[in-house]
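Trainee: Below is a structure I'd like to ask you about.
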Amino acid sequence: VDSDPVLTLGTVFTGARLITCNQQLEVLEETDLRIEGDQITGIGRELAKPGDSIVSARGLWITPGFIQTHTHLVQTLFRDLADDLPLLDWLRTRIWPFEAAHTPQSTYASARLGITELLSGGTTAILDMASVHHTSEIFKAASEAGIRLWCGKAQMDRPNEAGLSEDFESSMQSACSLAEHWHQKTPLLHYAFAPRFVPSCTDALLIAVREEARKRGCLIHTHSSENLDEVELVRAITGTDNVIHLDRLGLSGPDVALAHCIHLTPEEEDLLARTQTRLLHCPGSNFKLASGLARIPELLKKGVHISLGADGAPCNNRLDIFAELRLAALMQKPRLGATALPAADVLKMATQKGAEVLQLAAGQLAVGKKADLVLLDPKKLWTGGDPRSALVYTMDPRCVRETWVAGCCCYRDGEVPGWSSEETARLCKEGLDEVRNS
Ligand SMILES: [Zn+2]
């Protein structure tokens with residue numbers, strides 16, 4: 001009996017150089033990659049099935065989508081408005097008052113601006129901390145663009161100079177209702193509880209966050225030990241060190257992600273390694289706020305789990321993973337020598353390690369992993385050398401031609417499909433005017 005062949009809806013990228021970012025960081029030359037639905041379904045040659053679209057990728061490189069495990073989309077609008085200040089002044093005189101003045105429209109504009117920049121630089125998944133209000137606007141913008149988002153409202157129940165804090169009940173109630181509404185609403189959206197940092201949170205709040213997050217299978221995302229004044233403040237409030245305090249309240253383990261961790265005691269370093277609590281390293285932000293140099297090579301040696309992020313735009317001021325890769329490697333070398341933190345280790349932080357934080361089957365080009373991909377045009381910054389080094393030291397977002405998330409193209413030809421950059425700029429201008437006039 002004759003029957004029509006079953007038509008599939010796959011896409012095959014042919015003849016590319018694949019930088020797999022797998023365990024051995026293999027590079028495959030002139031290889032095809034097939035995706036179907038939201039997954040990678042083949043790597044090799046002649047993979048096309050009837051009905052597949054064929055995309056010639058000859059001369060291009062394909063990498064897994066980059067993963068940033070610490071961002072603040074809500075702050076993108078405030079870039080170049082909070083420069084040259086140390087952390088606590090930066091928060092008290094600029095960031096908290098700005099966040100307090102956000103409207104739903106300005107929050108949406110800020111997220112849209114940030115997501116556009118992330119996708120244009122090949123970032124496909126982020127762990128993001130919102131502000132206290134209007135968190136749904138971040139989810140709304142992410143779902144329009146198609147980026148993978150883990151996000152939660154910043155929870156703060158100690159008095160705050162900018163009036164940004166809430167009481168315990170309001171904070172927990174609104175966090176839980178956001179989690180109820182957004183967590184896994186689509187395969188791309190996830191709620192992650194986000195107590196801001198120890199000086200903003202009572203013990204009761206941190207304990208309640210732990211209970212609610214674990215009950216719902218959500219990640220917990222906070223800041224720790226970023227700055228020496230903050231470490232002193234935490235000691236004054238709690239009588240102990242940041243990471244120890246969090247651990248005593250049950251906030252440690254693979255579902256707990258701590259941004260920065262620059263100023264740790266040896267006991268805290270061992271605790272992170274033993275509990276596999278995630279450390280989110282933000283080199284650009286650490287330089288700009290003069291927060292310090294995280295001891296990344298020493299921590300890796302101890303077995304601490306480390307991934308990368310740009311942090312918020314006002315302390316970076318870019319959201320460019322290539323800049324973070326480069327800075328992460330460079331910042332260790334004056335202290336420890338040129339062999340410290342080689343490119344391969346840094347590249348893993350922005351791919352495999354980031355995926356592990358999110359408990360996501362991504363961060364590598366391999367069959368069964370998510371179809372989150374970046375198509376790079378190496379002609380923009382031509383190199384005849386090691387492509388893994390090129391990603392860390394040489395390339396930048398100019399090389400990004402397309403960004404795919406879950407099998408869909410979310411960035412091409414300088415635009416996020418469905419969003420015009422003129423409209424984004426208009427929304428940002430209006431949003432910033434609203435914030436400044438409020
Ligand atoms: Zn941060």
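Within each chain, counting starts at residue 1; across the structure tokens, chains are named A, B, ... in the order shown, with ligands numbered 1 upward in that order.
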Residues within 7 Å of Val74 (chain A), please, as a VMD selection string. Count only C-alpha atoms; anything in the same chain fewer than 2 positions from it doesn't count.
Mentor: chain A and resid 72 76 107 110 to 111 130 to 131
Trainee: Check which residues of chain A sit at most 7 Å from ligand 1 using only C-alpha atoms and all ligand atoms, and return one row each with the closest pair of atoms and their distance in Å to one decimal, ordered by chain and rising number, as CSV.
Mentor:
residue,atom,partner,partner_atom_place_in_ligand_line,distance
A:His70,CA,ligand 1,1 (Zn),6.4
A:Thr71,CA,ligand 1,1 (Zn),6.3
A:His72,CA,ligand 1,1 (Zn),6.4
A:His223,CA,ligand 1,1 (Zn),6.4
A:Ala259,CA,ligand 1,1 (Zn),6.5
A:Asp311,CA,ligand 1,1 (Zn),5.0
A:Gly312,CA,ligand 1,1 (Zn),6.1
Trainee: Could you give me, as a PyMOL selection string, the residues within 8 Å of Ala194 (chain A), counting only C-alpha atoms and dropping anything in the same chain fewer than 2 positions from it?
Mentor: chain A and resi 129+151-155+192+196+220-222
Trainee: Please measure the separation of CA of Leu293 (chain A) and CA of Met331 (chain A), giving the value in Å to one decimal.
Mentor: 7.4 Å
Trainee: Taking only C-alpha atoms into account, name the residue in A:Gly363, A:Gly10, A:Gly368, A:Gly431 that is nearest to Leu77 (chain A).
Mentor: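 For Leu77 (chain A), the nearest of the candidates is A:Gly431.
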Trainee: Report the residues of region 38-287 of chain A whose backbone DSSP state falls under strand (DSSP E), written as a VMD selection string.
Mentor: chain A and resid 39 to 44 53 to 56 61 to 64 66 to 71 123 to 129 148 to 152 154 to 155 189 to 195 219 to 224 256 to 260 278 to 281
Trainee: Within 9 Å of region 236-252 of chain A, counting only C-alpha atoms, which residues show up once you throw out same-chain ones fewer than 5 positions away? Write them as a ChimeraX atom specification, please.
Mentor: /A:198-199,203,206-207,210,220,224-225,231,257-258,261,264-265,267-269,271-272,275-278
Trainee: What would the file look like if the residues just selected were written as a tab-separated table (two decimals), in the first residue's frame with N, CA and C atoms?
Mentor:
chain	number	residue	atom	x	y	z
A	198	VAL	N	20.41	39.51	52.82
A	198	VAL	CA	20.16	39.39	54.26
A	198	VAL	C	19.79	40.73	54.91
A	199	PRO	N	20.50	41.86	54.63
A	199	PRO	CA	20.13	43.10	55.33
A	199	PRO	C	18.70	43.58	55.05
A	203	ASP	N	14.61	36.96	59.51
A	203	ASP	CA	14.77	35.50	59.52
A	203	ASP	C	13.45	34.83	59.15
A	206	LEU	N	12.99	34.74	55.44
A	206	LEU	CA	13.87	33.79	54.75
A	206	LEU	C	13.38	32.35	54.97
A	207	ILE	N	12.90	32.07	56.18
A	207	ILE	CA	12.40	30.72	56.47
A	207	ILE	C	11.12	30.44	55.66
A	210	ARG	N	11.99	29.77	52.07
A	210	ARG	CA	12.52	28.41	51.91
A	210	ARG	C	11.37	27.40	51.84
A	220	ILE	N	15.61	29.30	44.70
A	220	ILE	CA	15.73	30.45	45.60
A	220	ILE	C	16.96	31.24	45.16
A	224	SER	N	24.74	37.52	48.14
A	224	SER	CA	25.48	37.29	49.38
A	224	SER	C	26.94	37.71	49.26
A	225	SER	N	27.42	38.41	50.29
A	225	SER	CA	28.86	38.68	50.46
A	225	SER	C	29.47	39.33	49.23
A	231	VAL	N	28.99	42.84	54.37
A	231	VAL	CA	29.37	41.73	55.25
A	231	VAL	C	29.34	42.20	56.71
A	257	ALA	N	20.67	29.79	44.97
A	257	ALA	CA	21.65	30.45	44.09
A	257	ALA	C	22.03	31.79	44.69
A	258	LEU	N	23.34	31.97	44.98
A	258	LEU	CA	23.83	33.17	45.66
A	258	LEU	C	24.70	33.98	44.72
A	261	CYS	N	29.25	36.30	46.26
A	261	CYS	CA	30.11	35.51	47.16
A	261	CYS	C	31.59	35.86	47.00
A	264	LEU	N	34.22	35.72	51.48
A	264	LEU	CA	33.81	34.54	52.24
A	264	LEU	C	34.92	34.13	53.20
A	265	THR	N	34.53	33.54	54.33
A	265	THR	CA	35.52	32.92	55.21
A	265	THR	C	35.80	31.52	54.65
A	267	GLU	N	35.45	28.81	56.08
A	267	GLU	CA	34.33	27.95	56.49
A	267	GLU	C	33.15	28.09	55.52
A	268	GLU	N	32.90	29.32	55.08
A	268	GLU	CA	31.81	29.55	54.13
A	268	GLU	C	32.13	28.93	52.76
A	269	GLU	N	33.39	29.04	52.34
A	269	GLU	CA	33.78	28.42	51.07
A	269	GLU	C	33.54	26.90	51.11
A	271	LEU	N	31.48	25.35	53.00
A	271	LEU	CA	30.03	25.11	53.08
A	271	LEU	C	29.40	25.12	51.68
A	272	LEU	N	29.80	26.09	50.86
A	272	LEU	CA	29.26	26.15	49.49
A	272	LEU	C	29.59	24.87	48.73
A	275	THR	N	27.59	21.75	50.24
A	275	THR	CA	26.13	21.75	50.02
A	275	THR	C	25.76	21.90	48.55
A	276	GLN	N	26.78	22.18	47.68
A	276	GLN	CA	26.52	22.44	46.26
A	276	GLN	C	25.54	23.60	46.05
A	277	THR	N	25.59	24.55	46.97
A	277	THR	CA	24.88	25.82	46.79
A	277	THR	C	25.50	26.52	45.59
A	278	ARG	N	24.67	27.13	44.76
A	278	ARG	CA	25.17	27.71	43.51
A	278	ARG	C	25.77	29.10	43.74
Trainee: Name all residues at most 7 Å from Ser285 (chain A) (count only C-alpha atoms; drop same-chain ones fewer than 4 positions away) and give them as a JSON list (two decimals) with N, CA, C and O atoms, in the first residue's frame.
Mentor:
[["chain", "number", "residue", "atom", "x", "y", "z"],
["A", 289, "LEU", "N", 31.50, 48.17, 40.73],
["A", 289, "LEU", "CA", 31.14, 48.61, 42.08],
["A", 289, "LEU", "C", 32.34, 48.46, 43.03],
["A", 289, "LEU", "O", 32.19, 48.67, 44.23],
["A", 310, "ALA", "N", 25.57, 38.88, 34.09],
["A", 310, "ALA", "CA", 25.99, 40.28, 33.92],
["A", 310, "ALA", "C", 25.52, 41.16, 35.07],
["A", 310, "ALA", "O", 25.96, 42.28, 35.20],
["A", 311, "ASP", "N", 24.59, 40.66, 35.91],
["A", 311, "ASP", "CA", 23.96, 41.49, 36.95],
["A", 311, "ASP", "C", 23.09, 42.54, 36.25],
["A", 311, "ASP", "O", 22.80, 42.43, 35.07],
["A", 315, "CYS", "N", 24.99, 48.48, 36.93],
["A", 315, "CYS", "CA", 26.30, 48.18, 37.53],
["A", 315, "CYS", "C", 27.19, 47.42, 36.55],
["A", 315, "CYS", "O", 28.07, 46.67, 36.96],
["A", 316, "ASN", "N", 26.98, 47.62, 35.23],
["A", 316, "ASN", "CA", 27.79, 46.81, 34.31],
["A", 316, "ASN", "C", 28.43, 47.56, 33.14],
["A", 316, "ASN", "O", 29.66, 47.44, 33.01]]
Trainee: Which polymer residues have any atom within 8 Å of an atom of Asp52 (chain A), counting only C-alpha atoms, with same-chain residues fewer than 6 positions away left out, as a list in words?
Mentor: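 The residues that qualify are Leu7, Thr8, Leu9, Gly10, Thr11 and Val12 of chain A.
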Trainee: Report as a VMD selection string all protein, DNA and RNA residues lying within 12 Å of His281 (chain A), evaluated on only C-alpha atoms, omitting residues in the same chain fewer than 6 positions from it.
Mentor: chain A and resid 68 to 71 223 to 226 257 to 262 287 291 to 297 299 to 300 304 to 311 321 324 to 325 327 to 329 331 346 349 to 350 353 to 354
Trainee: Nearest to Glu230 (chain A): which of A:Ala313, A:Ile95, A:Leu149, A:Leu87 is it, counting only C-alpha atoms?
Mentor: A:Leu87
Trainee: Could you build a table of the residues in region 65-118 of chain A lying no more than 12 Å from region 387-400 of chain A, giving for each the nearest pair of atoms and their separation in Å rounded to one decimal place, using only C-alpha atoms, ordered by chain and ascending residue number, as a tab-separated table?
Mentor:
residue	atom	partner	partner_atom	distance
A:Gly65	CA	A:Val400	CA	10.9
A:Phe66	CA	A:Leu391	CA	11.0
A:Thr116	CA	A:Pro397	CA	11.9
A:Glu117	CA	A:Pro397	CA	9.2
A:Leu118	CA	A:Pro397	CA	9.4
Trainee: Would you save the residues from that selection as a short mmCIF file (atom, residue, chain, number, x, y, z; two decimals), in the first residue's frame, using N, CA and C atoms?
Mentor:
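And here's again.cif as it stands now:
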data_model
loop_
_atom_site.label_atom_id
_atom_site.label_comp_id
_atom_site.auth_asym_id
_atom_site.auth_seq_id
_atom_site.Cartn_x
_atom_site.Cartn_y
_atom_site.Cartn_z
N GLY A 65 22.82 28.03 23.40
CA GLY A 65 22.45 29.35 23.91
C GLY A 65 23.16 29.60 25.23
N PHE A 66 23.59 30.83 25.43
CA PHE A 66 24.28 31.16 26.67
C PHE A 66 23.27 31.38 27.79
N THR A 116 15.88 42.31 24.73
CA THR A 116 16.38 42.53 23.37
C THR A 116 17.90 42.44 23.36
N GLU A 117 18.53 43.08 24.34
CA GLU A 117 20.00 43.05 24.38
C GLU A 117 20.51 41.63 24.66
N LEU A 118 19.84 40.91 25.56
CA LEU A 118 20.27 39.55 25.88
C LEU A 118 20.18 38.64 24.66
#
Trainee: Give me, please, the distance in Å between CA of Gly414 (chain A) and CA of Ile40 (chain A), quoted to one decimal.
Mentor: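 Taking CA of Gly414 (chain A) as the start and CA of Ile40 (chain A) as the end point, the length is 24.5 Å.
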